[in-house]
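J.: Below is one structure. I have some questions about it.
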Amino acid sequence: MDAVPNHCGTAHWWMKDLPFKDWVHLPEREDKITRSNYRLATITDPNSARINRLHTVHGWFDKMMPDMAMENPYVLRYFLQLYIWWIEWADLDGLRVDTFPYNNKEGIAVWTRTILEEYPHLTVVAECWHSSPAIVAYWQGGSRNSDGYSSFLPSVMDFPLQEALSEGLAVDSKEWMEGMNRVYEALALDFLYLDAKSLMIFLDNHDIGRFADSVKGNTDKIKLGLTLLATLRGIPQLYYGTEFGFCSSDPSAGHGEARIDFPGGWKEDRKNLFTGQLISKQEKEIYDHTRTLFTWRKKAKAIHTGNTTHFLPVENTYGYFRYTDHEAVFVFLNPTRKEHLIDWHYFAECLEGYTYGINILTDERIEVGLPYKVPAHTSMVIELYK
């Protein structure tokens with residue numbers, strides 16, 4: 001369930017008769033709404049001015065979204081009771097917490113801790129939208145923050161990686177911080193996180209453009225993105241329609257145009273993607289790729305709990321291993337326009353003892369050490385065997 005303790009709407013009934021004067025952060029003048037400056041760095045910055053921090057947290061998220069005063073203990077109590085009620089009534093498995101850092105950070109930490117004390121097995125993932133891994137890492141519970149703060153969050157959204165995936169696959173480039181180097185550099189900052197394996201990873205969501213838009217609807221690149229999503233560290237989120245390669249109806253018109261209808265279920269729908277009726281060749285290709293990856297992933301312990309060793313990209317190709325003490329998976333992506341010969345010697349440190357593998361995308365047997373060319377714009381996910 002989407003939990004939104006940071007703000008309500010101006011049409012909420014309590015706005016006509018607030019329970020307390022400080023139930024929400026009211027503007028100094030009724031005709032002048034103070035919106036947040038959206039600068040999350042002011043919260044984590046040890047040198048930031050108080051006025052800037054308050055502007056970030058007390059400002060309204062939008063002119064129609066009054067900001068809740070979570071520092072008021074009665075507001076905090078209200079939101080605790082509200083979501084405990086929802087968890088009980090709807091038998092929820094998890095909460096996705098909207099705009100988490102924009103709350104009073106001490107109050108929202110109490111909220112998270114109390115809910116997890118009540119429901120220790122509940123999944124709680126928070127939207128902490130920032131491009132810097134250092135700032136995102138601050139909000140993961142238990143992080144070694146210099147101010148001693150803990151949000152108690154088990155998981156936060158990995159926006160830095162999402163940006164790297166979209167931008168990295170958008171171009172075929174060997175430049176220092178472009179192409180697959182962009183992805184490598186993002187993952188190289190995992191040392192900042194308390195537990196990178198608990199991050200929620202994604203290609204797109206309802207607040208940003210469609211991943212397919214970023215790669216101009218290219219079927220091969222969409223499939224490469226899905227390979228990364230299914231095999232990198234973290235907990236994957238698949239936004240509806242990405243498994244079919246959905247594009248925005250108008251990419252220039254903002255994320256609202258990315259929230260297109262899912263065809264099927266209504267009499268007027270000519271196409272039905274629930275049943276595969278009138279599915280296009282491109283949609284079927286992307287869907288089959290997604291289904292193969294995530295069906296296999298269910299039992300792939302090396303992906304769920306394994307460590308990662310990745311190698312600097314070569315000619316914009318990228319290889320990495322996910323492994324435990326008992327199994328290993330070799331993932332190789334070739335986003336370039338030409339086939340690429342696997343350099344087994346380059347990857348030797350992770351191949352010791354393994355003699356062959358099965359590419360789960362094609363069921364092809366691949367002999368370790370023998371010449372093998374990876375076609376352009378394709379990926380391999382190889383289960384290794386000794």
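Residues in the structure tokens are named by chain (A, B, ... in the order shown) and by number from 1 within that chain; ligands are numbered from 1 in the order shown.
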What's the 7 Å shell around Thr56 of chain A, counting only C-alpha atoms, without same-chain residues fewer than 3 positions away, as a list in words?
T.: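 The residues that qualify are Ser36, Asn37, Tyr38, Arg39, Leu40, Asn52, Arg53, Gly59 and Tyr102 of chain A.
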J.: How about saving the chosen residues, C-alpha atoms kept, as a tab-separated table (two decimals), in the first residue's frame?
T.:
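File part.tsv, as written:
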```
chain	number	residue	atom	x	y	z
A	36	SER	CA	9.29	22.90	-0.38
A	37	ASN	CA	12.59	23.78	-1.98
A	38	TYR	CA	12.98	20.01	-2.62
A	39	ARG	CA	16.65	20.19	-1.61
A	40	LEU	CA	17.10	16.98	0.39
A	52	ASN	CA	16.97	25.98	4.42
A	53	ARG	CA	16.24	22.75	6.30
A	59	GLY	CA	7.24	23.61	2.82
A	102	TYR	CA	10.26	15.43	3.62
```
J.: May I have the residues within 7 Å of segment 303-306 of chain A as a ChimeraX atom specification, using only C-alpha atoms and disregarding those fewer than 5 positions away in the same chain?
T.: /A:231,233,322-324
J.: What's around segment 68-79 of chain A at 7 Å? Count only C-alpha atoms, leave out sequence neighbours fewer than 6 positions away in its own chain, and write the answer as a PyMOL selection string.
T.: chain A and resi 5-7+22-25+103-104+107+111
J.: Based on the backbone DSSP call, show me all residues of segment 114-317 of chain A assigned alpha helix (DSSP H), as JSON, numbers by chain.
T.: {"A": [114, 115, 116, 117, 118, 133, 134, 135, 136, 137, 138, 159, 160, 161, 162, 163, 164, 165, 166, 167, 168, 169, 170, 180, 181, 182, 183, 184, 185, 186, 187, 211, 212, 213, 214, 219, 220, 221, 222, 223, 224, 225, 226, 227, 228, 229, 230, 231, 281, 282, 283, 284, 285, 286, 287, 288, 289, 290, 291, 292, 293, 294, 295, 296, 297, 301, 302, 303, 304]}
J.: Just want the 12 Å neighbourhood of Gly148 of chain A, counted on only C-alpha atoms, with same-chain residues fewer than 3 positions away dropped. Output as a tab-separated table (two decimals) with N, CA and C atoms, in the first residue's frame.
T.:
```
chain	number	residue	atom	x	y	z
A	44	THR	N	20.72	16.31	5.25
A	44	THR	CA	21.90	15.50	5.57
A	44	THR	C	23.16	16.35	5.73
A	46	PRO	N	25.71	18.60	7.28
A	46	PRO	CA	25.96	19.05	8.66
A	46	PRO	C	26.17	20.55	8.76
A	106	GLU	N	12.78	12.95	12.86
A	106	GLU	CA	12.68	12.23	14.13
A	106	GLU	C	11.30	11.58	14.27
A	138	TYR	N	21.93	7.58	3.52
A	138	TYR	CA	21.62	8.17	4.83
A	138	TYR	C	20.29	7.66	5.37
A	139	TRP	N	19.33	7.41	4.47
A	139	TRP	CA	17.97	7.08	4.89
A	139	TRP	C	17.73	5.59	5.11
A	141	GLY	N	17.87	2.43	7.25
A	141	GLY	CA	17.98	2.24	8.68
A	141	GLY	C	19.28	1.58	9.10
A	142	GLY	N	19.87	2.08	10.20
A	142	GLY	CA	21.09	1.49	10.72
A	142	GLY	C	22.35	2.01	10.07
A	143	SER	N	22.24	2.92	9.12
A	143	SER	CA	23.43	3.46	8.45
A	143	SER	C	24.30	4.20	9.45
A	144	ARG	N	25.58	4.21	9.18
A	144	ARG	CA	26.55	4.83	10.08
A	144	ARG	C	26.61	6.34	9.81
A	145	ASN	N	25.55	7.03	10.17
A	145	ASN	CA	25.49	8.47	9.95
A	145	ASN	C	26.21	9.23	11.05
A	151	SER	N	16.69	5.94	10.37
A	151	SER	CA	15.29	5.99	9.94
A	151	SER	C	14.54	4.72	10.30
A	152	PHE	N	15.28	3.63	10.58
A	152	PHE	CA	14.74	2.29	10.83
A	152	PHE	C	14.16	1.66	9.56
```
J.: Please provide as a PyMOL selection string all residues within 9 Å of Gly225 of chain A, with the sequence filter that same-chain residues fewer than 2 positions apart are discarded (counting only C-alpha atoms).
T.: chain A and resi 165-166+169+203+211+220-223+227-230
J.: Restrict the selected residues to all heavy atoms and save them as a compact mmCIF listing (two decimals), in the first residue's frame.
T.:
```txt
# COMPACT_ATOMS: atom_id res chain seq x y z
N LEU A 165 21.08 3.18 -15.13
CA LEU A 165 20.59 2.18 -16.09
C LEU A 165 19.96 2.86 -17.30
O LEU A 165 20.21 2.48 -18.45
CB LEU A 165 19.58 1.27 -15.41
CG LEU A 165 20.12 0.35 -14.30
CD1 LEU A 165 18.98 -0.39 -13.62
CD2 LEU A 165 21.13 -0.64 -14.86
N SER A 166 19.12 3.86 -17.06
CA SER A 166 18.45 4.55 -18.17
C SER A 166 19.45 5.29 -19.04
O SER A 166 19.40 5.20 -20.27
CB SER A 166 17.40 5.53 -17.63
OG SER A 166 16.33 4.84 -17.06
N LEU A 169 22.14 2.81 -20.89
CA LEU A 169 21.66 2.05 -22.04
C LEU A 169 21.13 2.95 -23.15
O LEU A 169 20.85 2.47 -24.25
CB LEU A 169 20.57 1.07 -21.60
CG LEU A 169 21.08 -0.16 -20.85
CD1 LEU A 169 19.93 -0.94 -20.23
CD2 LEU A 169 21.88 -1.07 -21.79
N LEU A 203 13.60 0.08 -13.09
CA LEU A 203 13.90 0.76 -14.35
C LEU A 203 13.07 2.02 -14.51
O LEU A 203 13.50 3.00 -15.12
CB LEU A 203 13.64 -0.17 -15.54
CG LEU A 203 14.51 -1.42 -15.65
CD1 LEU A 203 14.04 -2.31 -16.79
CD2 LEU A 203 15.97 -1.04 -15.87
N PHE A 211 11.01 3.65 -19.02
CA PHE A 211 12.35 3.20 -19.41
C PHE A 211 12.43 3.06 -20.92
O PHE A 211 13.44 3.42 -21.54
CB PHE A 211 12.68 1.86 -18.74
CG PHE A 211 13.97 1.26 -19.22
CD1 PHE A 211 15.18 1.83 -18.87
CD2 PHE A 211 13.97 0.15 -20.05
CE1 PHE A 211 16.38 1.29 -19.33
CE2 PHE A 211 15.16 -0.40 -20.51
CZ PHE A 211 16.37 0.17 -20.15
N ASP A 220 15.72 -4.41 -28.20
CA ASP A 220 16.92 -5.04 -27.66
C ASP A 220 17.40 -4.35 -26.38
O ASP A 220 17.80 -5.01 -25.42
CB ASP A 220 18.04 -5.02 -28.70
CG ASP A 220 17.73 -5.91 -29.90
OD1 ASP A 220 17.04 -6.92 -29.73
OD2 ASP A 220 18.18 -5.58 -31.01
N LYS A 221 17.34 -3.03 -26.36
CA LYS A 221 17.81 -2.31 -25.18
C LYS A 221 16.84 -2.47 -24.01
O LYS A 221 17.26 -2.49 -22.85
CB LYS A 221 18.03 -0.83 -25.52
CG LYS A 221 19.24 -0.61 -26.42
CD LYS A 221 19.62 0.85 -26.51
CE LYS A 221 20.92 1.02 -27.28
NZ LYS A 221 21.37 2.43 -27.29
N ILE A 222 15.55 -2.56 -24.31
CA ILE A 222 14.58 -2.84 -23.24
C ILE A 222 14.90 -4.19 -22.60
O ILE A 222 14.90 -4.33 -21.37
CB ILE A 222 13.15 -2.82 -23.79
CG1 ILE A 222 12.77 -1.41 -24.26
CG2 ILE A 222 12.15 -3.30 -22.73
CD1 ILE A 222 11.48 -1.34 -25.04
N LYS A 223 15.21 -5.18 -23.43
CA LYS A 223 15.55 -6.51 -22.91
C LYS A 223 16.85 -6.47 -22.11
O LYS A 223 16.98 -7.16 -21.09
CB LYS A 223 15.65 -7.51 -24.07
CG LYS A 223 14.30 -7.85 -24.69
CD LYS A 223 14.42 -8.49 -26.05
CE LYS A 223 15.14 -9.81 -26.02
NZ LYS A 223 15.22 -10.42 -27.38
N THR A 227 17.33 -7.57 -18.20
CA THR A 227 18.37 -8.50 -17.74
C THR A 227 19.08 -7.93 -16.52
O THR A 227 19.31 -8.63 -15.53
CB THR A 227 19.38 -8.78 -18.86
OG1 THR A 227 18.73 -9.44 -19.95
CG2 THR A 227 20.52 -9.67 -18.37
N LEU A 228 19.43 -6.66 -16.58
CA LEU A 228 20.08 -6.02 -15.44
C LEU A 228 19.17 -6.01 -14.22
O LEU A 228 19.60 -6.33 -13.10
CB LEU A 228 20.49 -4.59 -15.82
CG LEU A 228 21.68 -4.47 -16.78
CD1 LEU A 228 21.67 -3.10 -17.46
CD2 LEU A 228 22.98 -4.69 -16.04
N LEU A 229 17.92 -5.66 -14.43
CA LEU A 229 16.97 -5.60 -13.32
C LEU A 229 16.83 -6.95 -12.63
O LEU A 229 16.71 -7.02 -11.40
CB LEU A 229 15.60 -5.13 -13.83
CG LEU A 229 14.49 -5.01 -12.79
CD1 LEU A 229 14.81 -3.89 -11.79
CD2 LEU A 229 13.14 -4.75 -13.45
N ALA A 230 16.85 -8.01 -13.39
CA ALA A 230 16.62 -9.35 -12.84
C ALA A 230 17.86 -9.95 -12.18
O ALA A 230 17.74 -10.93 -11.43
CB ALA A 230 16.11 -10.29 -13.93
```
J.: Show me, as a PyMOL selection string, the residues that have an atom within 10 Å of Arg365 of chain A when counting only C-alpha atoms, minus same-chain residues fewer than 6 positions from it.
T.: chain A and resi 356-359+382-384
J.: Counting only C-alpha atoms, figure out which residue out of A:Glu118, A:Asp98, A:Asp62, A:Glu364 gets nearest to Ile84 of chain A.
T.: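 Using only C-alpha atoms, Ile84 of chain A sits closest to A:Glu118.
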J.: Running DSSP on the backbone, which parts of segment 51-239 of chain A land in strand (DSSP E), as an MDAnalysis selection string?
T.: chainID A and resid 94:97 123:126 155:156 200:202 235:237
